[in-house]
Every structure is written in C-alpha cells, then in structure tokens.
Amino acid sequence: MAGSKYAYVRNFELPDPLLPGTFMVFRLDGHSFHRFSDEHGFTKPNDIRALELMDHAAKDLMEQHSDIVLAFGESDEFSFLLRKSAALYNRRQSKIISTLTSQFTSSYVFRWSSYFPDCPLKYPPSFDGRLVLYPSAREIRDYYSWRQTDTHINNLYNTTFWALVQQGGESTTQAHATLKGTVSKQKHEILFSRFQVNYNALDARFRKGSTLVREEISEQSLPTTEELPPTQDLPPSETAAPSPIRMRGRKKPRTTIVVLHCDIIKDDFWDTRPEILSDD
Ligand SMILES: Nc1nc2c(ncn2[C@@H]2O[C@H](COP(=O)(O)OP(=O)(O)OP(=O)(O)O)[C@@H](O)[C@H]2O)c(=O)[nH]1
Ligand SMILES: [Mg+2]
C-alpha cells in the first residue's frame, strides 16, 4: 500500500547499526547529580541508600536484557557489558541507548521510595547514556580497570576530604588545600593518624564499587514443581514476573543476578568467570 504524500520524510531517518561481533559497553551517568544529591540530602561521602538504589536499577536492566553479562557501578554511574553476539534491537545504536537509558531511569524513579521512604523526589532525576564498541577482551579488561581505579581514587579523596571537614573541623576550602598535591599514601596516613580510620577496613562497597554478574543457581535451591503455588492464584503482576516461582511448566532459569564488591582489576575475577568475555 502506498503511503501518504508525506511519507517520504521517513527516508531521512538513516540506519545506525553497530558493528557486528564487537563488545558493547553502555555507560549511564546521573545528570547533575552534584545538585541532585545535595537537594535530596545524600550522606557524604557515600550514601548507602543511593548506591543500593543504583544497584537495584542496574539489576532490573539486566533482568530485562539477557545480553548484558556484567555491570559495574560507582557513585552516579553504571557500565554495562553486552556480549559480542548481542542482537538486541538489531544492534541499532540510538534504539539501544535511548531504551536502556529510559528503562534504567524509570526503575530508579520507580524504586526511589523504597530506598528513600522519608524523602519524596523533589524533581525528576535523569541520566545520560553512551555506547562504545570494543574489539577485544583486552580493552574490556582495561575499561573496567579504568572505572574501578576511578572508584578507588575518588573514594579515597572523598573519604579523606569529608573526614577533614566533618571530624577535623576544616572548611571545605581548607580541606581542598590540605589535600592538594597529596599522593595516595599521604591520604591513608591522614585518615589513620588524625582520625584512626584504616581505609582498607572501610566497606568494600565504597572502595570497590558494585559488580553485578549472573551466577548459576544450583538445582537444589530451585523450588520443585510441588512447592510452587498454583499459577492461577497469583495476581497478574506476579504471573508476569520472570522468577523461578512463576516458571511452572516452562524451563527454569538457571542463573540469578548477584551484586559483588570485589576486585575486578586482577585476573581472578575474570579467570573464574570465562563466560563474561567469551566470543559468543
Ligand atoms: N553526597 C553524595 N553525593 C554523591 C554520591 N554519589 C554521587 N554523588 C554526587 O554525584 C556527583 C557525580 O559526579 P559527576 O557525574 O562527575 O557530576 P554531575 O554533577 O553528575 O555532573 P554530570 O554527570 O556532568 O551531569 C558527585 O560529584 C557527587 O556530588 C553519594 O553517595 N553521596
Ligand atoms: Mg553525573
């Protein structure tokens, strides 16, 4: 059927396919979260509620897209790795970036009140999204090492900075001046000698960020068919959820998404999970 005389404008929409057989890294970053965190009273330097909310939105995104094999988050950002063979939205770039950014943002807002029950949103938060293609495992390893190194540098600085301000009574200007030109070892020393803080003993979540991976569920931990509640007794929203409980009669999912706070720079993390960087 011929379109209307206006339909030719469609031809101006150019295809934007991504190179096949390459790793995609999709990174989101909170827009103006310096202001957003201030307006919503985030704890300094790290707000556990805000970090857990980010993790939850990232987990939601992984549940929606099985091509995401890894996610790493710190502060107001998350980096998702999609397998080389990912075929979502026919690898159309703007479709992927816009949909994933929107889904993550929507989850963040949807779950906000669970993490900040006493603090209603003052305005809608937003995130930017970008996608970078990498040809090999080497760049992916270096990419994630880059992000985790950044986590370390920022967290050590922020932890020392806020100790100087909150416990040391320095103004923010003074604290900046105190830290100017200091190397990592000196920040450790300031924390230890002035505030009795052993940086390496602080919560690994703050020092290492959050790493989300899929882990196999052992067959024993899955409910047997006899233990499952009758599907028809569940409300519609529950029957739609992709959890083992609702999978009656269908193939049970073999994996679950876990949140880790571990080193991802050294080989161990990758050696024990070869599927993340596989050529599939
Ligand atoms: N207090 C507090 N602030 C946080 C926390 N996580 C993120 N932030 C804030 O979010 C900012 C994130 O840094 P950026 O992404 O570089 O800055 P931004 O203001 O979001 O700016 P754009 O990303 O360029 O839009 C930090 O500088 C903090 O101000 C937190 O746990 N506690
Ligand atoms: Mg930001």
# chains A, B, ... in the order shown; residues from 1 in each chain; ligands from 1
call {"tool": "select_by_dssp", "arguments": {"residues": "stretch 101-240 of chain A", "states": "helix (DSSP H, G or I)", "output": "compact mmCIF listing (two decimals) with N, CA and C atoms, in the first residue's frame"}}
result
# COMPACT_ATOMS: atom_id res chain seq x y z
N THR A 101 18.64 3.66 28.56
CA THR A 101 18.71 4.82 29.45
C THR A 101 17.34 5.07 30.08
N SER A 102 16.32 4.97 29.26
CA SER A 102 14.97 5.21 29.76
C SER A 102 14.55 4.13 30.77
N GLN A 103 14.86 2.87 30.48
CA GLN A 103 14.47 1.79 31.40
C GLN A 103 15.18 1.94 32.75
N PHE A 104 16.46 2.29 32.72
CA PHE A 104 17.20 2.45 33.97
C PHE A 104 16.62 3.63 34.77
N THR A 105 16.41 4.74 34.10
CA THR A 105 15.89 5.94 34.77
C THR A 105 14.52 5.66 35.38
N SER A 106 13.72 4.95 34.62
CA SER A 106 12.39 4.63 35.09
C SER A 106 12.45 3.74 36.35
N SER A 107 13.32 2.75 36.35
CA SER A 107 13.49 1.90 37.52
C SER A 107 13.97 2.71 38.72
N TYR A 108 14.90 3.62 38.47
CA TYR A 108 15.45 4.46 39.56
C TYR A 108 14.32 5.25 40.23
N VAL A 109 13.46 5.81 39.42
CA VAL A 109 12.35 6.60 39.97
C VAL A 109 11.31 5.67 40.61
N PHE A 110 11.02 4.56 39.94
CA PHE A 110 10.03 3.59 40.42
C PHE A 110 10.39 3.07 41.81
N ARG A 111 11.68 2.86 42.04
CA ARG A 111 12.13 2.27 43.31
C ARG A 111 12.59 3.30 44.32
N TRP A 112 12.57 4.56 43.95
CA TRP A 112 13.09 5.61 44.83
C TRP A 112 12.52 5.51 46.26
N SER A 113 11.20 5.41 46.38
CA SER A 113 10.58 5.48 47.71
C SER A 113 10.92 4.28 48.59
N SER A 114 11.35 3.16 47.98
CA SER A 114 11.77 2.02 48.81
C SER A 114 13.08 2.31 49.51
N TYR A 115 13.91 3.13 48.89
CA TYR A 115 15.22 3.43 49.47
C TYR A 115 15.24 4.76 50.21
N ALA A 137 38.80 -8.58 24.28
CA ALA A 137 38.75 -8.72 25.74
C ALA A 137 39.74 -7.79 26.44
N ARG A 138 40.87 -7.53 25.79
CA ARG A 138 41.90 -6.67 26.40
C ARG A 138 41.32 -5.29 26.77
N GLU A 139 40.60 -4.69 25.79
CA GLU A 139 40.04 -3.35 26.05
C GLU A 139 38.94 -3.41 27.12
N ILE A 140 38.22 -4.51 27.14
CA ILE A 140 37.15 -4.62 28.15
C ILE A 140 37.77 -4.71 29.55
N ARG A 141 38.81 -5.52 29.67
CA ARG A 141 39.52 -5.60 30.96
C ARG A 141 40.02 -4.22 31.36
N ASP A 142 40.64 -3.53 30.41
CA ASP A 142 41.19 -2.20 30.72
C ASP A 142 40.09 -1.18 31.01
N TYR A 143 38.99 -1.31 30.31
CA TYR A 143 37.86 -0.40 30.57
C TYR A 143 37.40 -0.54 32.03
N TYR A 144 37.17 -1.77 32.45
CA TYR A 144 36.66 -1.97 33.81
C TYR A 144 37.73 -1.66 34.86
N SER A 145 38.99 -1.87 34.52
CA SER A 145 40.07 -1.48 35.44
C SER A 145 40.10 0.04 35.58
N TRP A 146 39.86 0.72 34.47
CA TRP A 146 39.81 2.19 34.48
C TRP A 146 38.70 2.66 35.42
N ARG A 147 37.50 2.07 35.28
CA ARG A 147 36.39 2.52 36.13
C ARG A 147 36.65 2.19 37.61
N GLN A 148 37.20 1.00 37.90
CA GLN A 148 37.41 0.67 39.32
C GLN A 148 38.56 1.47 39.92
N THR A 149 39.56 1.80 39.12
CA THR A 149 40.62 2.66 39.61
C THR A 149 40.05 4.03 39.95
N ASP A 150 39.14 4.49 39.11
CA ASP A 150 38.48 5.77 39.35
C ASP A 150 37.69 5.73 40.67
N THR A 151 37.02 4.62 40.91
CA THR A 151 36.28 4.44 42.16
C THR A 151 37.23 4.61 43.33
N HIS A 152 38.38 3.95 43.24
CA HIS A 152 39.35 4.00 44.32
C HIS A 152 39.87 5.43 44.54
N ILE A 153 40.28 6.07 43.46
CA ILE A 153 40.85 7.43 43.58
C ILE A 153 39.82 8.39 44.17
N ASN A 154 38.60 8.35 43.63
CA ASN A 154 37.55 9.26 44.10
C ASN A 154 37.18 8.98 45.55
N ASN A 155 37.06 7.69 45.88
CA ASN A 155 36.60 7.37 47.23
C ASN A 155 37.65 7.70 48.28
N LEU A 156 38.90 7.47 47.96
CA LEU A 156 39.96 7.81 48.92
C LEU A 156 40.00 9.33 49.12
N TYR A 157 39.88 10.05 48.03
CA TYR A 157 39.88 11.52 48.14
C TYR A 157 38.67 11.99 48.96
N ASN A 158 37.48 11.52 48.57
CA ASN A 158 36.26 11.99 49.23
C ASN A 158 36.21 11.60 50.71
N THR A 159 36.68 10.38 51.01
CA THR A 159 36.68 9.92 52.41
C THR A 159 37.60 10.82 53.25
N THR A 160 38.77 11.13 52.72
CA THR A 160 39.72 11.97 53.46
C THR A 160 39.19 13.40 53.56
N PHE A 161 38.67 13.87 52.45
CA PHE A 161 38.14 15.24 52.40
C PHE A 161 37.05 15.44 53.46
N TRP A 162 36.09 14.53 53.50
CA TRP A 162 34.97 14.71 54.44
C TRP A 162 35.36 14.41 55.88
N ALA A 163 36.41 13.62 56.09
CA ALA A 163 36.92 13.42 57.45
C ALA A 163 37.52 14.73 57.95
N LEU A 164 38.27 15.40 57.07
CA LEU A 164 38.88 16.69 57.44
C LEU A 164 37.81 17.72 57.78
N VAL A 165 36.70 17.69 57.02
CA VAL A 165 35.64 18.68 57.23
C VAL A 165 34.77 18.29 58.44
N GLN A 166 34.27 17.04 58.42
CA GLN A 166 33.28 16.65 59.43
C GLN A 166 33.90 16.38 60.80
N THR A 172 35.62 23.56 53.75
CA THR A 172 35.85 22.80 52.51
C THR A 172 37.04 23.39 51.74
N THR A 173 37.22 24.70 51.81
CA THR A 173 38.37 25.32 51.13
C THR A 173 39.67 24.84 51.77
N GLN A 174 39.68 24.81 53.11
CA GLN A 174 40.89 24.32 53.82
C GLN A 174 41.18 22.87 53.46
N ALA A 175 40.12 22.06 53.45
CA ALA A 175 40.31 20.63 53.18
C ALA A 175 40.88 20.42 51.77
N HIS A 176 40.38 21.17 50.81
CA HIS A 176 40.93 21.09 49.44
C HIS A 176 42.41 21.42 49.47
N ALA A 177 42.76 22.48 50.21
CA ALA A 177 44.16 22.92 50.28
C ALA A 177 45.02 21.87 50.97
N THR A 178 44.50 21.25 52.04
CA THR A 178 45.25 20.22 52.77
C THR A 178 45.58 19.05 51.84
N LEU A 179 44.64 18.72 50.97
CA LEU A 179 44.82 17.53 50.12
C LEU A 179 45.54 17.82 48.81
N SER A 184 48.40 9.03 47.30
CA SER A 184 47.53 8.08 47.98
C SER A 184 48.02 7.74 49.40
N LYS A 185 49.32 7.47 49.52
CA LYS A 185 49.90 7.07 50.81
C LYS A 185 49.66 8.16 51.88
N GLN A 186 49.77 9.42 51.48
CA GLN A 186 49.58 10.51 52.44
C GLN A 186 48.12 10.61 52.90
N LYS A 187 47.20 10.30 51.99
CA LYS A 187 45.78 10.33 52.39
C LYS A 187 45.50 9.21 53.39
N HIS A 188 46.07 8.03 53.12
CA HIS A 188 45.95 6.92 54.08
C HIS A 188 46.47 7.36 55.45
N GLU A 189 47.60 8.06 55.44
CA GLU A 189 48.22 8.49 56.71
C GLU A 189 47.37 9.51 57.45
N ILE A 190 46.82 10.47 56.70
CA ILE A 190 45.94 11.48 57.33
C ILE A 190 44.77 10.77 58.00
N LEU A 191 44.16 9.83 57.26
CA LEU A 191 43.00 9.12 57.80
C LEU A 191 43.37 8.36 59.06
N PHE A 192 44.53 7.70 59.01
CA PHE A 192 44.90 6.84 60.14
C PHE A 192 45.39 7.64 61.35
N SER A 193 46.30 8.59 61.10
CA SER A 193 46.89 9.30 62.24
C SER A 193 45.95 10.33 62.84
N ARG A 194 45.14 10.98 62.02
CA ARG A 194 44.27 12.03 62.58
C ARG A 194 42.88 11.54 62.95
N PHE A 195 42.42 10.49 62.25
CA PHE A 195 41.02 10.08 62.50
C PHE A 195 40.88 8.60 62.86
N TYR A 199 41.72 2.89 56.12
CA TYR A 199 40.94 2.96 54.87
C TYR A 199 40.58 1.58 54.34
N ASN A 200 41.54 0.65 54.42
CA ASN A 200 41.30 -0.68 53.85
C ASN A 200 40.24 -1.48 54.61
N ALA A 201 39.87 -0.99 55.79
CA ALA A 201 38.84 -1.70 56.56
C ALA A 201 37.44 -1.12 56.28
N ALA A 204 33.68 -2.53 51.62
CA ALA A 204 34.18 -2.80 50.26
C ALA A 204 33.28 -2.18 49.20
N ARG A 205 32.00 -2.02 49.51
CA ARG A 205 31.09 -1.38 48.55
C ARG A 205 31.62 0.00 48.13
N PHE A 206 32.14 0.74 49.14
CA PHE A 206 32.62 2.09 48.83
C PHE A 206 33.98 2.05 48.13
N ARG A 207 34.81 1.10 48.51
CA ARG A 207 36.18 1.05 47.95
C ARG A 207 36.22 0.38 46.58
N LYS A 208 35.34 -0.58 46.36
CA LYS A 208 35.41 -1.40 45.13
C LYS A 208 34.24 -1.19 44.18
N GLU A 219 20.62 -26.60 41.29
CA GLU A 219 19.29 -27.18 41.11
C GLU A 219 18.56 -27.37 42.44
N GLN A 220 19.34 -27.65 43.51
CA GLN A 220 18.70 -27.89 44.82
C GLN A 220 17.99 -26.65 45.34
N SER A 221 18.53 -25.45 44.99
CA SER A 221 17.95 -24.23 45.54
C SER A 221 16.70 -23.78 44.77
N THR A 225 8.45 -28.53 41.47
CA THR A 225 7.12 -28.22 40.94
C THR A 225 6.07 -28.33 42.05
N GLU A 226 6.26 -29.28 42.97
CA GLU A 226 5.28 -29.48 44.04
C GLU A 226 5.21 -28.27 44.98
N GLU A 227 6.37 -27.60 45.14
CA GLU A 227 6.40 -26.46 46.07
C GLU A 227 5.83 -25.17 45.46
N THR A 231 -0.40 -21.32 39.71
CA THR A 231 -0.21 -20.09 38.95
C THR A 231 -1.47 -19.22 38.94
N GLN A 232 -2.63 -19.88 38.82
CA GLN A 232 -3.86 -19.09 38.67
C GLN A 232 -4.20 -18.30 39.94
N ASP A 233 -3.60 -18.68 41.09
CA ASP A 233 -3.89 -17.95 42.32
C ASP A 233 -3.08 -16.66 42.45
N PRO A 236 -2.09 -10.88 38.49
CA PRO A 236 -1.50 -10.78 37.15
C PRO A 236 -0.05 -10.28 37.17
N SER A 237 0.25 -9.31 38.04
CA SER A 237 1.60 -8.76 38.04
C SER A 237 2.61 -9.84 38.44
N GLU A 238 2.20 -10.74 39.31
CA GLU A 238 3.12 -11.77 39.78
C GLU A 238 3.34 -12.85 38.71
N THR A 239 2.27 -13.18 37.99
CA THR A 239 2.44 -14.23 36.99
C THR A 239 3.38 -13.79 35.88
N ALA A 240 3.49 -12.47 35.69
CA ALA A 240 4.33 -11.96 34.60
C ALA A 240 5.80 -11.91 34.98
call {"tool": "closest_atom_pairs", "arguments": {"of": "chain A", "to": "ligand 1", "cutoff": "8 Å", "atoms": "only C-alpha atoms and all ligand atoms", "output": "CSV"}}
result
residue,atom,partner,partner_atom_place_in_ligand_line,distance
A:Asp29,CA,ligand 1,23 (O),5.6
A:Gly30,CA,ligand 1,20 (O),4.9
A:His31,CA,ligand 1,25 (O),3.6
A:Ser32,CA,ligand 1,19 (O),3.4
A:Phe33,CA,ligand 1,20 (O),3.6
A:His34,CA,ligand 1,29 (O),3.4
A:Arg35,CA,ligand 1,19 (O),6.1
A:Phe36,CA,ligand 1,9 (C),7.4
A:Ser37,CA,ligand 1,3 (N),5.0
A:Asp38,CA,ligand 1,1 (N),6.5
A:Gly41,CA,ligand 1,1 (N),7.2
A:Phe42,CA,ligand 1,1 (N),4.4
A:Thr43,CA,ligand 1,1 (N),4.8
A:Lys44,CA,ligand 1,1 (N),4.0
A:Pro45,CA,ligand 1,32 (N),4.9
A:Asn46,CA,ligand 1,31 (O),3.5
A:Asp47,CA,ligand 1,31 (O),3.8
A:Ile48,CA,ligand 1,31 (O),6.6
A:Ala50,CA,ligand 1,31 (O),6.0
A:Leu51,CA,ligand 1,31 (O),6.3
A:Glu74,CA,ligand 1,6 (N),7.5
A:Ser75,CA,ligand 1,6 (N),3.9
A:Asp76,CA,ligand 1,7 (C),4.8
A:Glu77,CA,ligand 1,15 (O),7.1
A:Phe127,CA,ligand 1,25 (O),7.9
A:Asp128,CA,ligand 1,23 (O),7.8
call {"tool": "atom_distance", "arguments": {"atom1": "atom CA of A:Met62", "atom2": "atom CA of A:Arg91"}}
result
16.8 Å
call {"tool": "closest_residue", "arguments": {"among": "A:Leu121, A:Ser126, A:Pro15, A:Leu61", "to": "ligand 2", "atoms": "only C-alpha atoms and all ligand atoms"}}
result
A:Ser126
call {"tool": "closest_residue", "arguments": {"among": "A:Thr272, A:Thr182, A:Thr99, A:Ser94", "to": "A:Leu18", "atoms": "only C-alpha atoms"}}
result
A:Ser94
call {"tool": "closest_residue", "arguments": {"among": "A:Val197, A:Ile276, A:Ala7, A:Leu260", "to": "A:Leu212", "atoms": "only C-alpha atoms"}}
result
A:Leu260
call {"tool": "atom_distance", "arguments": {"atom1": "atom CA of A:Cys262", "atom2": "atom CA of A:Pro274"}}
result
16.5 Å
call {"tool": "select_by_dssp", "arguments": {"residues": "stretch 22-241 of chain A", "states": "strand (DSSP E)", "output": "short mmCIF file (atom, residue, chain, number, x, y, z; two decimals) with C-alpha atoms, in the first residue's frame"}}
result
data_model
loop_
_atom_site.label_atom_id
_atom_site.label_comp_id
_atom_site.auth_asym_id
_atom_site.auth_seq_id
_atom_site.Cartn_x
_atom_site.Cartn_y
_atom_site.Cartn_z
CA PHE A 23 31.69 -5.90 22.66
CA MET A 24 29.37 -3.05 23.59
CA VAL A 25 29.88 -1.05 26.75
CA PHE A 26 26.87 1.02 27.66
CA ARG A 27 27.56 3.64 30.35
CA LEU A 28 24.97 5.70 32.18
CA ASP A 29 25.76 8.70 34.32
CA GLY A 30 23.47 10.74 36.55
CA ILE A 68 24.07 -7.87 29.48
CA VAL A 69 26.69 -10.12 31.05
CA LEU A 70 28.29 -7.70 33.52
CA ALA A 71 27.62 -4.36 35.18
CA PHE A 72 29.87 -2.18 37.27
CA GLY A 73 28.68 0.86 39.20
CA GLU A 74 30.04 3.60 41.42
CA GLU A 77 27.27 5.82 37.06
CA PHE A 78 26.94 2.26 35.76
CA SER A 79 28.75 0.48 32.92
CA PHE A 80 27.05 -2.49 31.29
CA LEU A 81 28.85 -5.01 29.12
CA LEU A 82 26.88 -6.65 26.31
CA PHE A 127 20.78 10.05 33.25
CA ASP A 128 22.85 10.37 30.13
CA GLY A 129 23.80 7.24 28.20
CA ARG A 130 26.59 6.43 25.76
CA LEU A 131 27.71 3.33 23.98
CA VAL A 132 31.26 2.40 22.99
CA LEU A 133 32.33 -0.61 20.91
CA TYR A 134 35.48 -2.52 21.79
CA SER A 210 29.32 -2.74 42.75
CA THR A 211 29.80 -5.54 40.26
CA LEU A 212 26.73 -7.41 39.01
CA VAL A 213 27.12 -10.80 37.38
CA ARG A 214 24.91 -13.76 36.57
CA GLU A 215 25.56 -16.81 38.70
CA GLU A 216 24.21 -20.28 38.20
#
call {"tool": "atom_distance", "arguments": {"atom1": "atom CA of A:Ala57", "atom2": "atom CA of A:Asp203"}}
result
21.0 Å
call {"tool": "closest_residue", "arguments": {"among": "A:Phe116, A:Leu100, A:Pro125, A:Gly21", "to": "ligand 2", "atoms": "only C-alpha atoms and all ligand atoms"}}
result
A:Pro125
call {"tool": "closest_residue", "arguments": {"among": "A:His261, A:Val183, A:Asp16, A:Thr255", "to": "A:Ile96", "atoms": "only C-alpha atoms"}}
result
A:Asp16
call {"tool": "residues_around", "arguments": {"residues": "A:Asp67", "least_positions_apart": "6", "cutoff": "9 Å", "atoms": "only C-alpha atoms", "output": "list in words"}}
result
Leu81, Leu82, Arg83, Lys84, Ser85, Ala86, Ala87 and Leu88 of chain A
call {"tool": "write_last_selection", "arguments": {"atoms": "N, CA and C atoms", "output": "PDB file, in the first residue's frame"}}
result
ATOM      1  N   LEU A  81      28.176  -4.325  30.228  1.00  0.00           N
ATOM      2  CA  LEU A  81      28.851  -5.014  29.121  1.00  0.00           C
ATOM      3  C   LEU A  81      27.849  -5.927  28.421  1.00  0.00           C
ATOM      4  N   LEU A  82      27.740  -5.767  27.095  1.00  0.00           N
ATOM      5  CA  LEU A  82      26.879  -6.651  26.305  1.00  0.00           C
ATOM      6  C   LEU A  82      27.760  -7.597  25.499  1.00  0.00           C
ATOM      7  N   ARG A  83      27.337  -8.851  25.453  1.00  0.00           N
ATOM      8  CA  ARG A  83      28.148  -9.860  24.770  1.00  0.00           C
ATOM      9  C   ARG A  83      28.340  -9.497  23.295  1.00  0.00           C
ATOM     10  N   LYS A  84      29.411 -10.055  22.719  1.00  0.00           N
ATOM     11  CA  LYS A  84      29.749  -9.748  21.315  1.00  0.00           C
ATOM     12  C   LYS A  84      28.611 -10.040  20.350  1.00  0.00           C
ATOM     13  N   SER A  85      27.904 -11.135  20.646  1.00  0.00           N
ATOM     14  CA  SER A  85      26.859 -11.560  19.710  1.00  0.00           C
ATOM     15  C   SER A  85      25.511 -10.899  19.983  1.00  0.00           C
ATOM     16  N   ALA A  86      25.480  -9.922  20.900  1.00  0.00           N
ATOM     17  CA  ALA A  86      24.201  -9.297  21.260  1.00  0.00           C
ATOM     18  C   ALA A  86      23.478  -8.806  20.002  1.00  0.00           C
ATOM     19  N   ALA A  87      22.195  -9.161  19.905  1.00  0.00           N
ATOM     20  CA  ALA A  87      21.442  -8.798  18.702  1.00  0.00           C
ATOM     21  C   ALA A  87      20.240  -7.933  19.056  1.00  0.00           C
ATOM     22  N   LEU A  88      20.236  -7.360  20.262  1.00  0.00           N
ATOM     23  CA  LEU A  88      19.053  -6.611  20.688  1.00  0.00           C
ATOM     24  C   LEU A  88      18.797  -5.434  19.755  1.00  0.00           C
TER      25      LEU A  88
END
call {"tool": "closest_residue", "arguments": {"among": "A:Ser66, A:Ser171, A:Asn90, A:Thr256", "to": "A:Ile217", "atoms": "only C-alpha atoms"}}
result
A:Thr256
call {"tool": "residues_around", "arguments": {"residues": "A:Arg92", "least_positions_apart": "3", "cutoff": "6 Å", "atoms": "only C-alpha atoms", "output": "list in words"}}
result
Asp16, Pro17, Tyr89 and Lys95 of chain A
call {"tool": "write_last_selection", "arguments": {"atoms": "C-alpha atoms", "output": "PDB file, in the first residue's frame"}}
result
ATOM      1  CA  ASP A  16      22.570   3.394  12.623  1.00  0.00           C
ATOM      2  CA  PRO A  17      23.703  -0.216  13.018  1.00  0.00           C
ATOM      3  CA  TYR A  89      17.087  -4.147  18.562  1.00  0.00           C
ATOM      4  CA  LYS A  95      17.334   2.436  19.875  1.00  0.00           C
TER       5      LYS A  95
END
